[in-house]
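Structure file upload31.tsv (TSV, C-alpha atoms) is printed below.
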chain	number	residue	atom	x	y	z
A	1	MET	CA	-1.74	6.37	15.04
A	2	LYS	CA	1.68	6.96	16.58
A	3	SER	CA	3.42	6.87	13.21
A	4	LEU	CA	0.83	9.27	11.78
A	5	ARG	CA	1.50	11.73	14.60
A	6	SER	CA	5.24	11.51	13.95
A	7	ILE	CA	4.73	12.69	10.36
A	8	ALA	CA	2.02	15.25	11.16
A	9	PRO	CA	4.49	18.19	11.56
A	10	LEU	CA	5.90	17.46	8.11
A	11	LEU	CA	2.43	17.39	6.62
A	12	SER	CA	1.64	20.73	8.27
A	13	ILE	CA	4.73	22.32	6.74
A	14	PHE	CA	3.86	20.81	3.36
A	15	ALA	CA	0.29	22.12	3.56
A	16	LEU	CA	1.49	25.64	4.37
A	17	ILE	CA	3.90	25.61	1.43
A	18	PHE	CA	1.24	24.35	-0.95
A	19	CYS	CA	-1.37	26.88	0.20
A	20	ALA	CA	1.15	29.73	0.07
A	21	ALA	CA	2.19	28.78	-3.45
A	22	PHE	CA	-1.40	28.39	-4.59
A	23	PHE	CA	-2.70	31.73	-3.31
A	24	ALA	CA	0.50	33.58	-4.16
A	25	GLY	CA	0.21	32.34	-7.72
A	26	MET	CA	-3.41	33.49	-7.98
A	27	THR	CA	-2.52	36.84	-6.45
A	28	VAL	CA	0.28	37.40	-8.96
A	29	LYS	CA	-2.14	36.65	-11.76
A	30	ALA	CA	-4.74	38.99	-10.34
A	31	GLN	CA	-2.16	41.78	-10.00
A	32	ALA	CA	-0.97	41.23	-13.55
A	33	GLN	CA	-4.53	41.45	-14.80
A	34	GLY	CA	-5.36	44.45	-12.66
A	35	ALA	CA	-8.18	42.53	-10.96
A	36	SER	CA	-10.47	44.68	-8.91
A	37	ASP	CA	-12.34	41.97	-6.97
A	38	ILE	CA	-11.42	38.70	-5.30
A	39	SER	CA	-13.62	36.56	-7.57
A	40	SER	CA	-11.01	36.86	-10.31
A	41	LEU	CA	-8.63	34.81	-8.20
A	42	TRP	CA	-10.70	31.68	-8.76
A	43	SER	CA	-10.26	31.84	-12.55
A	44	TRP	CA	-6.72	30.48	-12.23
A	45	ALA	CA	-6.19	28.15	-15.19
A	46	VAL	CA	-3.39	25.95	-16.48
A	47	GLN	CA	-2.62	28.57	-19.08
A	48	SER	CA	-3.72	32.12	-18.30
A	49	TRP	CA	-2.92	34.97	-20.67
A	50	THR	CA	-3.18	38.71	-20.22
A	51	THR	CA	-3.21	41.27	-22.99
A	52	GLU	CA	-0.72	44.15	-22.89
A	53	THR	CA	-0.87	47.19	-25.18
A	54	THR	CA	2.41	48.93	-25.98
A	55	ALA	CA	2.81	52.68	-26.34
A	56	ASP	CA	2.67	52.45	-30.13
A	57	GLY	CA	-0.67	50.56	-30.03
A	58	ARG	CA	0.56	46.99	-30.60
A	59	ILE	CA	-1.19	44.21	-28.65
A	60	ILE	CA	0.98	41.54	-26.99
A	61	LYS	CA	-0.22	38.49	-25.00
A	62	VAL	CA	1.79	37.54	-21.91
A	63	VAL	CA	1.36	34.25	-20.01
A	64	HIS	CA	0.98	34.34	-16.23
A	65	GLU	CA	1.26	30.87	-14.69
A	66	PRO	CA	4.36	30.91	-12.48
A	67	PHE	CA	2.99	28.43	-9.96
A	68	ALA	CA	1.40	25.76	-12.13
A	69	LEU	CA	4.24	23.29	-11.78
A	70	THR	CA	4.49	23.92	-8.03
A	71	ARG	CA	0.82	23.03	-7.71
A	72	ASN	CA	1.24	19.83	-9.73
A	73	LEU	CA	4.40	18.80	-7.87
A	74	ALA	CA	2.64	19.44	-4.59
A	75	LEU	CA	-0.25	17.18	-5.55
A	76	ILE	CA	2.16	14.42	-6.64
A	77	ALA	CA	4.11	14.74	-3.42
A	78	LEU	CA	0.92	14.66	-1.35
A	79	THR	CA	-0.11	11.41	-3.04
A	80	MET	CA	3.25	9.80	-2.30
A	81	ILE	CA	3.23	11.01	1.30
A	82	GLY	CA	-0.29	9.68	1.81
A	83	GLY	CA	0.66	6.25	0.46
A	84	THR	CA	3.79	6.23	2.61
A	85	ILE	CA	1.77	7.01	5.74
A	86	LEU	CA	-0.63	4.16	5.00
A	87	VAL	CA	2.18	1.63	4.58
A	88	THR	CA	4.00	2.94	7.66
A	89	GLU	CA	0.81	2.88	9.74
A	90	LYS	CA	-0.01	-0.69	8.73
A	91	SER	CA	3.54	-1.88	9.28
A	92	SER	CA	3.67	-0.39	12.76
A	93	ALA	CA	0.91	-2.76	13.81
A	94	SER	CA	3.01	-5.81	12.95
A	95	LYS	CA	5.96	-7.25	14.83
A	96	ILE	CA	8.76	-5.34	13.16
A	97	THR	CA	11.48	-4.70	15.73
A	98	PRO	CA	11.41	-1.14	17.13
A	99	ALA	CA	14.97	-0.50	15.97
A	100	LYS	CA	14.25	-1.44	12.34
A	101	LEU	CA	11.01	0.49	12.32
A	102	ALA	CA	12.74	3.57	13.74
A	103	ILE	CA	15.39	3.41	11.02
A	104	MET	CA	12.80	3.07	8.25
A	105	ARG	CA	10.70	5.89	9.67
A	106	GLY	CA	13.79	8.08	9.80
A	107	GLN	CA	14.56	7.30	6.17
A	108	LEU	CA	10.97	8.05	5.18
A	109	ASP	CA	11.12	11.34	7.07
A	110	GLU	CA	14.29	12.23	5.22
A	111	GLY	CA	12.67	11.45	1.87
A	112	ILE	CA	9.59	13.49	2.69
A	113	GLY	CA	11.77	16.29	4.04
A	114	ALA	CA	13.72	16.33	0.79
A	115	ILE	CA	10.48	16.78	-1.17
A	116	ILE	CA	9.43	19.62	1.11
A	117	ASP	CA	12.83	21.31	0.68
A	118	LEU	CA	12.45	21.00	-3.09
A	119	LEU	CA	9.03	22.58	-3.00
A	120	GLN	CA	10.24	25.38	-0.73
A	121	GLY	CA	13.11	26.16	-3.07
A	122	TYR	CA	10.89	25.98	-6.09
A	123	ALA	CA	8.28	28.25	-4.50
A	124	GLU	CA	10.97	30.83	-3.74
A	125	ARG	CA	12.29	30.67	-7.28
A	126	ASN	CA	8.77	30.96	-8.63
A	127	GLN	CA	8.27	34.16	-6.65
A	128	LYS	CA	11.37	35.62	-8.25
A	129	PHE	CA	10.13	34.51	-11.65
A	130	ALA	CA	6.74	36.09	-10.97
A	131	ASP	CA	8.47	39.36	-10.07
A	132	SER	CA	10.45	39.18	-13.30
A	133	VAL	CA	7.29	38.60	-15.33
A	134	LEU	CA	5.63	41.60	-13.74
A	135	ARG	CA	8.71	43.73	-14.44
A	136	GLY	CA	8.77	42.57	-18.02
A	137	SER	CA	5.06	43.26	-18.37
A	138	ALA	CA	5.59	46.77	-17.06
A	139	GLU	CA	8.42	47.33	-19.54
A	140	LEU	CA	6.22	46.10	-22.38
A	141	ALA	CA	3.51	48.53	-21.36
A	142	LYS	CA	5.99	51.41	-21.36
A	143	ALA	CA	7.81	50.38	-24.55
A	144	SER	CA	7.89	53.45	-26.78
A	145	SER	CA	10.35	52.20	-29.37
A	146	PRO	CA	11.16	48.93	-31.14
A	147	GLU	CA	14.41	48.70	-29.16
A	148	ARG	CA	12.69	48.88	-25.77
A	149	LEU	CA	10.07	46.42	-26.94
A	150	ARG	CA	12.76	44.02	-28.15
A	151	SER	CA	14.66	44.41	-24.88
A	152	ALA	CA	11.55	43.65	-22.79
A	153	ILE	CA	10.74	40.59	-24.85
A	154	GLU	CA	14.33	39.32	-24.67
A	155	PHE	CA	14.24	39.77	-20.90
A	156	LEU	CA	11.06	37.71	-20.61
A	157	ILE	CA	12.47	35.00	-22.89
A	158	SER	CA	15.69	34.84	-20.86
A	159	GLU	CA	13.81	34.53	-17.57
A	160	ASN	CA	11.58	31.85	-19.04
A	161	GLN	CA	14.61	29.82	-20.22
A	162	LYS	CA	16.16	30.05	-16.76
A	163	MET	CA	12.93	28.85	-15.26
A	164	LEU	CA	12.75	25.90	-17.66
A	165	LYS	CA	16.28	24.77	-16.76
A	166	GLU	CA	15.60	25.04	-13.05
A	167	THR	CA	12.30	23.21	-13.50
A	168	GLU	CA	14.13	20.29	-15.14
A	169	ALA	CA	16.56	20.16	-12.22
A	170	TYR	CA	13.71	20.21	-9.68
A	171	GLN	CA	11.86	17.49	-11.55
A	172	ALA	CA	14.97	15.28	-11.59
A	173	SER	CA	15.43	15.77	-7.84
A	174	LEU	CA	11.77	15.02	-7.23
A	175	ARG	CA	11.98	11.82	-9.27
A	176	ASN	CA	14.98	10.72	-7.23
A	177	SER	CA	13.14	11.38	-3.96
A	178	ARG	CA	10.08	9.56	-5.28
A	179	ASP	CA	12.20	6.52	-6.20
A	180	GLN	CA	13.77	6.44	-2.75
A	181	ILE	CA	10.37	6.59	-1.04
A	182	SER	CA	9.02	3.85	-3.34
A	183	LYS	CA	11.96	1.64	-2.39
A	184	LEU	CA	11.34	2.24	1.31
A	185	ARG	CA	7.64	1.48	0.89
A	186	PHE	CA	8.54	-1.82	-0.78
A	187	GLU	CA	10.96	-2.72	2.02
A	188	LEU	CA	8.32	-1.93	4.64
A	189	ALA	CA	5.79	-4.09	2.78
A	190	GLU	CA	8.31	-6.96	2.75
A	191	LYS	CA	8.88	-6.60	6.48
A	192	GLN	CA	5.16	-6.59	7.05
A	193	ALA	CA	4.76	-9.77	4.97
A	194	GLU	CA	7.50	-11.47	7.00
A	195	THR	CA	5.68	-10.77	10.26
A	196	GLN	CA	2.45	-12.21	8.84
A	197	LYS	CA	3.93	-15.64	8.06
A	198	ASP	CA	4.70	-18.62	10.26
A	199	THR	CA	8.49	-18.97	10.22
A	200	LEU	CA	8.47	-22.77	9.93
A	201	THR	CA	5.75	-23.50	7.37
A	202	SER	CA	5.46	-20.14	5.53
A	203	ALA	CA	1.70	-20.33	6.01
A	204	PHE	CA	0.09	-17.25	7.50
A	205	ASN	CA	0.33	-17.03	11.27
A	206	ARG	CA	-2.51	-17.00	13.79
A	207	ARG	CA	-2.46	-13.24	14.20
A	208	TYR	CA	-2.93	-12.69	10.48
A	209	PHE	CA	-5.60	-15.40	10.35
A	210	ASP	CA	-7.67	-13.73	13.08
A	211	ALA	CA	-7.57	-10.35	11.32
A	212	LYS	CA	-8.27	-11.87	7.88
A	213	LEU	CA	-11.20	-13.94	9.08
A	214	ALA	CA	-12.76	-10.92	10.79
A	215	ASN	CA	-12.45	-8.83	7.61
A	216	VAL	CA	-13.69	-11.51	5.22
A	217	LEU	CA	-16.61	-12.43	7.46
A	218	ALA	CA	-17.60	-8.78	7.96
A	219	ASP	CA	-17.61	-8.30	4.19
A	220	ALA	CA	-19.74	-11.42	3.72
A	221	ASN	CA	-22.22	-10.19	6.33
A	222	ARG	CA	-22.50	-6.82	4.58
A	223	ARG	CA	-23.11	-8.48	1.23
A	224	ALA	CA	-25.43	-11.15	2.63
A	225	THR	CA	-23.14	-13.87	1.23
A	226	SER	CA	-21.29	-16.69	2.95
A	227	ILE	CA	-17.77	-17.96	3.45
A	228	SER	CA	-16.45	-21.32	4.61
A	229	LEU	CA	-13.76	-22.33	7.07
A	230	ILE	CA	-11.72	-25.55	7.10
A	231	LEU	CA	-9.83	-26.68	10.19
A	232	ALA	CA	-7.35	-29.53	9.68
A	233	ASP	CA	-5.29	-31.45	12.21
A	234	LEU	CA	-2.54	-33.99	11.50
A	235	ASP	CA	-3.42	-37.35	13.04
A	236	HIS	CA	-1.07	-38.85	15.66
A	237	PHE	CA	1.44	-36.07	15.11
A	238	LYS	CA	2.90	-36.51	18.60
A	239	SER	CA	3.95	-40.05	17.73
A	240	ILE	CA	5.85	-38.73	14.69
A	241	ASN	CA	7.82	-36.39	16.96
A	242	ASP	CA	8.36	-39.10	19.55
A	243	GLU	CA	9.48	-41.80	17.08
A	244	HIS	CA	11.39	-39.76	14.52
A	245	GLY	CA	12.31	-36.54	16.29
A	246	HIS	CA	11.13	-32.97	16.07
A	247	LEU	CA	13.10	-32.22	12.90
A	248	ALA	CA	11.12	-34.93	11.10
A	249	GLY	CA	7.94	-33.48	12.59
A	250	ASP	CA	8.89	-30.05	11.26
A	251	GLU	CA	9.32	-31.49	7.77
A	252	VAL	CA	5.86	-33.05	7.94
A	253	LEU	CA	4.35	-29.71	9.00
A	254	LYS	CA	6.06	-27.90	6.11
A	255	MET	CA	4.94	-30.55	3.64
A	256	PHE	CA	1.34	-30.40	4.84
A	257	ALA	CA	1.18	-26.60	4.71
A	258	ASP	CA	2.70	-26.59	1.22
A	259	GLN	CA	0.19	-29.12	-0.10
A	260	MET	CA	-2.75	-27.30	1.47
A	261	GLN	CA	-1.64	-24.15	-0.34
A	262	LYS	CA	-1.53	-26.06	-3.64
A	263	HIS	CA	-5.08	-27.30	-3.21
A	264	VAL	CA	-6.77	-23.91	-2.69
A	265	ARG	CA	-7.57	-20.87	-4.81
A	266	ALA	CA	-5.48	-17.72	-4.90
A	267	GLU	CA	-8.13	-15.85	-2.89
A	268	ASP	CA	-8.14	-18.46	-0.10
A	269	THR	CA	-5.99	-18.10	3.01
A	270	VAL	CA	-4.00	-20.97	4.52
A	271	ALA	CA	-2.80	-20.34	8.08
A	272	ARG	CA	-1.15	-22.28	10.86
A	273	PHE	CA	-3.84	-22.24	13.53
A	274	GLY	CA	-1.66	-23.71	16.25
A	275	GLY	CA	0.71	-26.67	16.67
A	276	GLU	CA	-0.17	-29.26	14.03
A	277	GLU	CA	-3.52	-27.62	13.29
A	278	PHE	CA	-4.13	-25.53	10.16
A	279	ALA	CA	-7.01	-23.40	8.91
A	280	VAL	CA	-8.25	-22.36	5.47
A	281	ILE	CA	-10.52	-19.35	4.87
A	282	LEU	CA	-12.55	-19.70	1.68
A	283	PRO	CA	-14.38	-16.50	0.65
A	284	HIS	CA	-17.46	-16.87	-1.57
A	285	ALA	CA	-17.55	-20.64	-0.97
A	286	ASN	CA	-20.47	-22.70	0.32
A	287	ILE	CA	-20.20	-25.81	2.46
A	288	GLU	CA	-20.24	-28.17	-0.52
A	289	ALA	CA	-17.31	-26.43	-2.22
A	290	ALA	CA	-15.32	-26.31	1.01
A	291	VAL	CA	-15.95	-30.00	1.75
A	292	ALA	CA	-14.73	-30.87	-1.76
A	293	VAL	CA	-11.49	-28.96	-1.12
A	294	ALA	CA	-10.96	-30.64	2.25
A	295	GLU	CA	-11.66	-34.08	0.75
A	296	LYS	CA	-9.06	-33.53	-1.98
A	297	MET	CA	-6.49	-32.62	0.67
A	298	ARG	CA	-7.35	-35.69	2.75
A	299	ARG	CA	-7.19	-38.08	-0.19
A	300	TRP	CA	-3.92	-36.69	-1.46
A	301	LEU	CA	-2.29	-37.00	1.97
A	302	TYR	CA	-3.61	-40.53	2.58
A	303	GLY	CA	-2.72	-41.66	-0.93
A	304	ASN	CA	1.02	-41.12	-0.43
A	305	ASN	CA	3.57	-43.03	1.64
A	306	TRP	CA	6.08	-40.77	3.31
A	307	LYS	CA	9.75	-41.46	3.72
A	308	ILE	CA	11.19	-40.04	6.92
A	309	ALA	CA	14.79	-38.90	6.52
A	310	GLY	CA	17.19	-41.44	8.05
A	311	LYS	CA	14.51	-44.13	8.39
A	312	PRO	CA	14.31	-47.18	6.11
A	313	GLN	CA	10.53	-47.60	6.30
A	314	THR	CA	7.84	-45.38	4.81
A	315	GLN	CA	4.99	-44.02	6.89
A	316	LYS	CA	1.37	-43.26	6.28
A	317	ILE	CA	0.36	-39.76	7.34
A	318	THR	CA	-3.29	-38.69	7.63
A	319	ALA	CA	-5.27	-35.67	8.76
A	320	SER	CA	-8.76	-34.97	10.04
A	321	PHE	CA	-10.90	-32.06	8.85
A	322	GLY	CA	-13.81	-30.00	10.12
A	323	VAL	CA	-15.73	-27.69	7.77
A	324	ALA	CA	-18.25	-24.95	8.54
A	325	GLN	CA	-20.11	-22.35	6.50
A	326	SER	CA	-20.89	-18.91	7.86
A	327	ARG	CA	-24.39	-17.89	8.80
A	328	ALA	CA	-26.07	-14.49	8.73
A	329	ASN	CA	-24.36	-12.09	11.15
A	330	ASP	CA	-21.90	-14.75	12.25
A	331	THR	CA	-18.91	-13.75	14.39
A	332	PRO	CA	-15.44	-15.24	13.86
A	333	ASP	CA	-15.64	-17.09	17.18
A	334	GLU	CA	-18.96	-18.67	16.26
A	335	LEU	CA	-17.69	-19.87	12.89
A	336	ILE	CA	-14.46	-21.24	14.41
A	337	LYS	CA	-16.41	-23.01	17.14
A	338	ARG	CA	-18.60	-24.86	14.61
A	339	ALA	CA	-15.61	-25.88	12.47
A	340	ASP	CA	-13.72	-27.00	15.58
A	341	SER	CA	-16.68	-29.11	16.70
A	342	CYS	CA	-16.67	-30.81	13.31
A	343	LEU	CA	-12.92	-31.40	13.56
A	344	TYR	CA	-13.43	-33.00	16.98
A	345	ALA	CA	-16.14	-35.22	15.48
A	346	SER	CA	-13.69	-36.38	12.79
A	347	LYS	CA	-11.09	-37.20	15.44
A	348	SER	CA	-13.61	-39.01	17.64
A	349	SER	CA	-15.02	-41.14	14.83
A	350	GLY	CA	-11.75	-42.67	13.64
A	351	ARG	CA	-9.70	-39.80	12.16
A	352	ASN	CA	-8.71	-39.42	8.47
A	353	ARG	CA	-12.07	-38.00	7.51
A	354	VAL	CA	-13.95	-34.78	6.70
A	355	THR	CA	-16.92	-33.73	8.82
A	356	PRO	CA	-19.13	-30.81	7.65
A	357	SER	CA	-21.39	-28.76	9.88
A	358	HIS	CA	-25.09	-28.32	9.29
A	359	VAL	CA	-25.67	-24.93	7.68
Output the file's structure in the form of structure tokens.
Amino acid sequence: MKSLRSIAPLLSIFALIFCAAFFAGMTVKAQAQGASDISSLWSWAVQSWTTETTADGRIIKVVHEPFALTRNLALIALTMIGGTILVTEKSSASKITPAKLAIMRGQLDEGIGAIIDLLQGYAERNQKFADSVLRGSAELAKASSPERLRSAIEFLISENQKMLKETEAYQASLRNSRDQISKLRFELAEKQAETQKDTLTSAFNRRYFDAKLANVLADANRRATSISLILADLDHFKSINDEHGHLAGDEVLKMFADQMQKHVRAEDTVARFGGEEFAVILPHANIEAAVAVAEKMRRWLYGNNWKIAGKPQTQKITASFGVAQSRANDTPDELIKRADSCLYASKSSGRNRVTPSHV
């Protein structure tokens, strides 16, 4: 919430500008139409015309919509600001360094401030344009000769052309600000992704796993469906480190995480649970489907001989697996505990095997 509070003053300014532009635009229209009650203010349309009668009896229609673009730009800006706040708020919860986060927040504030400045300038220019339209309308009403009528019309056309040119400039500036904010949002998303991954294996880290499991399990409980969890542990991993060194052990961890990722669906989550232990969250999967996935991983690993860098001999590497399916109103801790018990059973009964829990 801290990042939201830091942007709150900007949002307040933006809201005031938008409301001022909105009601000023409706008021101008009501004045132009000679409205006698406030209900006419709510008839503000994208194109609103009033009818003027000249002194010689001719009827001329004049458009009154000086604030339409301001309204639309304000809505676009509000959407971008809202999306920016969401990304910033989510990123602040991850382990981005305070210095980097402060820089990115400052850049976002600058981008949002630029949009607000644009809207302020445009609102001021719109007020001038509205005044010009009212002046032109008054001249049309008083036109008593073709020359005065022509002059009033030329004045309105000239003011409209000025407004069109300035609108194009404001739109270009707004697009530039939007592109800058989009770039910053992408960079923040990248930083967030970096903090969610284990630096060695590129699998998701434990912090992300805990949050993901809680969300997926809560969704399954709401829908009265089930998910499955696989816990996997490399067998005799300490001996690999002791015999071949920690660099060789790191390579084994990276290989195992990579192969686990290749054996699961796009919607599944592979995470490093701790040390040489990994976890896989499988949404919308029952125990049979999860066991089949774990068995494929086990067979693939056991079916290959691994060459350790710098060593002449190959080595057999295996892993043990525990699999559990969620129950109604399960908590993450309960599901993890059952999967961990199954993993312990696999280790205790000879390793290199998959043990499922009883649903």
Interatomic distance, atom CA of A:Phe278 to atom CA of A:Arg222 (Å, one decimal):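 According to the coordinates, atom CA of A:Phe278 and atom CA of A:Arg222 are separated by 26.8 Å.
The interatomic distance for the pair atom CA of A:Arg223 and atom CA of A:Asn286 works out to 14.5 Å.
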Residue nearest A:Asp258 among A:Phe209, A:Ile230, A:Asp330, A:Ala203 (counting all atoms listed in the file):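 Under the stated criterion, the closest residue is A:Ala203.
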At a cut-off of 8 Å, using all atoms listed in the file, what residues contact A:Leu234? Leave out same-chain residues fewer than 3 positions from it and give the result as a ChimeraX atom specification. /A:237,276-277,317-320
Those same residues, written as a tab-separated table (two decimals), in the frame of the given file with C-alpha atoms?
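Result file is result_28.tsv:
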chain	number	residue	atom	x	y	z
A	237	PHE	CA	1.44	-36.07	15.11
A	276	GLU	CA	-0.17	-29.26	14.03
A	277	GLU	CA	-3.52	-27.62	13.29
A	317	ILE	CA	0.36	-39.76	7.34
A	318	THR	CA	-3.29	-38.69	7.63
A	319	ALA	CA	-5.27	-35.67	8.76
A	320	SER	CA	-8.76	-34.97	10.04
Residues within 7 Å of A:Thr201, only C-alpha atoms, excluding chain neighbours under 5 positions, as a PyMOL selection string: chain A and resi 253-254+257
In Å, how far is it from atom CA of A:Ile287 to atom CA of A:Gln325? 5.3 Å
Looking at all atoms listed in the file, which of A:Ser326, A:Ala271, A:His263, A:Ala279 is the one that sits closest to A:Trp300? A:His263
Which residues come within 10 Å of A:Gln180, counting all atoms listed in the file, excluding same-chain residues fewer than 3 positions away, as JSON, numbers by chain? {"A": [107, 108, 110, 111, 112, 174, 175, 176, 177, 183, 184, 185, 186]}
Within 12 Å of A:Tyr302, counting only C-alpha atoms, which residues qualify if same-chain residues fewer than 4 places away don't, as a list in words?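 Close residues of A:Tyr302: Leu234, Asp235, Phe256, Glu295, Lys296, Met297, Arg298, Trp306, Gln315, Lys316, Ile317, Thr318, Ala319, Ser320, Arg351, Asn352 and Arg353 of chain A.
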Closest to A:Leu213 among A:Glu168, A:Asp109, A:Glu124, A:Asp333, using only C-alpha atoms? A:Asp333
Which residues are near A:Leu217? Cut-off 9 Å, only C-alpha atoms, ignore same chain within fewer than 6 positions. Put them as number ranges by chain. A: 226-227, 283, 326, 329-332
